[in-house]
Amino acid sequence: MRKSALILFGLFMLGAVAWAADPAKYEVFGGYSYQWMDGENYPAGWNASLAGYFTDNIGVVADFSGVYKSMQVGYWTGMSVVPVDASIRNHYFLFGPQFAFHPDGRWTPFLRGLAGVVNSRMEAEVADLTGSSTDFAFGFGGGLDLAVGDSVDLRMIQIDYIRLEGEGHAEGDVLRISVGVVFKSR
């Protein structure tokens with residue numbers, strides 16, 4: 001009886017150590033990002049983040065991204081409106097808590113809250129159409145990672161809703177979808 005209890009206790013401890021060693025202590029993500037903002041799409045973008053975990057499931061994330069778009073805007077010359085080529089760049093700097101779940105060794109779903117700023121810049125051929133602003137941004141999101149190696153995961157999907165508040169160029173609702181590669185310490 002005593003020997004069985006020691007064997008069961010030993011197996012329990014080995015399982016606990018193996019389970020505790022599996023979740024990442026930190027992770028680095030990089031990938032492609034596609035964004036919709038109030039009906040406009042931004043097909044050219046990137047997303048990068050660094051997350052550190054205090055426990056197996058609770059951590060903080062620093063999320064950085066950029067999206068870019070070229071378009072034509074109307075410019076009033078004083079007599080008529082003429083089309084002018086313009087480029088728009090939005091760069092996000094967001095931070096917040098991240099919660100990761102480890103139901104098995106391959107899949108890692110996660111949820112997070114984000115807050116920070118977005119820097120928006122529009123440049124056009126006409127000097128008085130060029131401008132930039134930095135506005136408050138907050139939101140939430142989540143995603144799903146698939147382990148493909150000991151310390152490499154594929155981020156199968158990451159979806160973030162971000163609300164932009166301010167008086168600048170980037171006020172509105174954003175839906176951002178990202179995919180890429182995650183490097184994790186284990």
# chains A, B, ... in the order shown; residues from 1 in each chain; ligands from 1

$ closest_atom_pairs --of "stretch 94-120 of chain A" --to "stretch 41-55 of chain A" --cutoff "10 Å" --atoms "only C-alpha atoms" --output "JSON lines"
{"residue": "A:Leu94", "atom": "CA", "partner": "A:Ser49", "partner_atom": "CA", "distance": 9.3}
{"residue": "A:Phe95", "atom": "CA", "partner": "A:Ser49", "partner_atom": "CA", "distance": 9.4}
{"residue": "A:Gly96", "atom": "CA", "partner": "A:Ala51", "partner_atom": "CA", "distance": 9.5}
{"residue": "A:Pro97", "atom": "CA", "partner": "A:Ala51", "partner_atom": "CA", "distance": 9.0}
{"residue": "A:Gln98", "atom": "CA", "partner": "A:Ala51", "partner_atom": "CA", "distance": 7.7}
{"residue": "A:Phe99", "atom": "CA", "partner": "A:Tyr53", "partner_atom": "CA", "distance": 8.8}
{"residue": "A:Ala100", "atom": "CA", "partner": "A:Tyr53", "partner_atom": "CA", "distance": 9.0}

$ residues_around --residues "A:Arg176" --least-positions-apart "2" --cutoff "10 Å" --atoms "only C-alpha atoms" --output "NGL selection string"
:A and (33-37 or 41-42 or 45 or 47 or 65 or 67 or 141 or 158-162 or 173-174 or 178)

$ residues_around --residues "A:Val179" --least-positions-apart "2" --cutoff "9 Å" --atoms "only C-alpha atoms" --output "PyMOL selection string"
chain A and resi 30-33+47+154-158+177+181

$ atom_distance --atom1 "atom CA of A:Arg163" --atom2 "atom CA of A:His91"
13.9 Å

$ atom_distance --atom1 "atom CA of A:Phe64" --atom2 "atom CA of A:Asp145"
18.3 Å

$ select_by_dssp --residues "stretch 12-116 of chain A" --states "alpha helix (DSSP H)" --output "count of residues only"
10

$ closest_residue --among "A:Asp56, A:Asp104, A:Glu40, A:Glu123" --to "A:Gly172" --atoms "only C-alpha atoms"
A:Glu40

$ atom_distance --atom1 "atom CA of A:Gly78" --atom2 "atom CA of A:Asp38"
29.0 Å

$ select_by_dssp --residues "chain A" --states "strand (DSSP E)" --output "PyMOL selection string"
chain A and resi 26-37+40-42+44-53+58-76+81-100+107-124+131-147+152-165+172-184

$ closest_residue --among "A:Ala137, A:Pro83, A:Gly180, A:Arg186" --to "A:Phe29" --atoms "only C-alpha atoms"
A:Gly180

$ residues_around --residues "A:Asn90" --least-positions-apart "3" --cutoff "6 Å" --atoms "only C-alpha atoms" --output "PyMOL selection string"
chain A and resi 66-67+119-120

$ residues_around --residues "A:Phe136" --least-positions-apart "6" --cutoff "7 Å" --atoms "only C-alpha atoms" --output "PyMOL selection string"
chain A and resi 116-118+164-166

$ closest_residue --among "A:Thr108, A:Ser70, A:Ser87, A:Asn57" --to "A:Ala124" --atoms "only C-alpha atoms"
A:Ser87

$ closest_residue --among "A:His102, A:Pro109, A:Arg121, A:Gly131" --to "A:Leu144" --atoms "only C-alpha atoms"
A:Pro109

$ closest_residue --among "A:Phe93, A:Ile58, A:Thr130, A:Thr77" --to "A:Lys25" --atoms "only C-alpha atoms"
A:Ile58

$ residues_around --residues "A:Val73" --least-positions-apart "2" --cutoff "7 Å" --atoms "only C-alpha atoms" --output "number ranges by chain"
A: 71, 75, 83-86
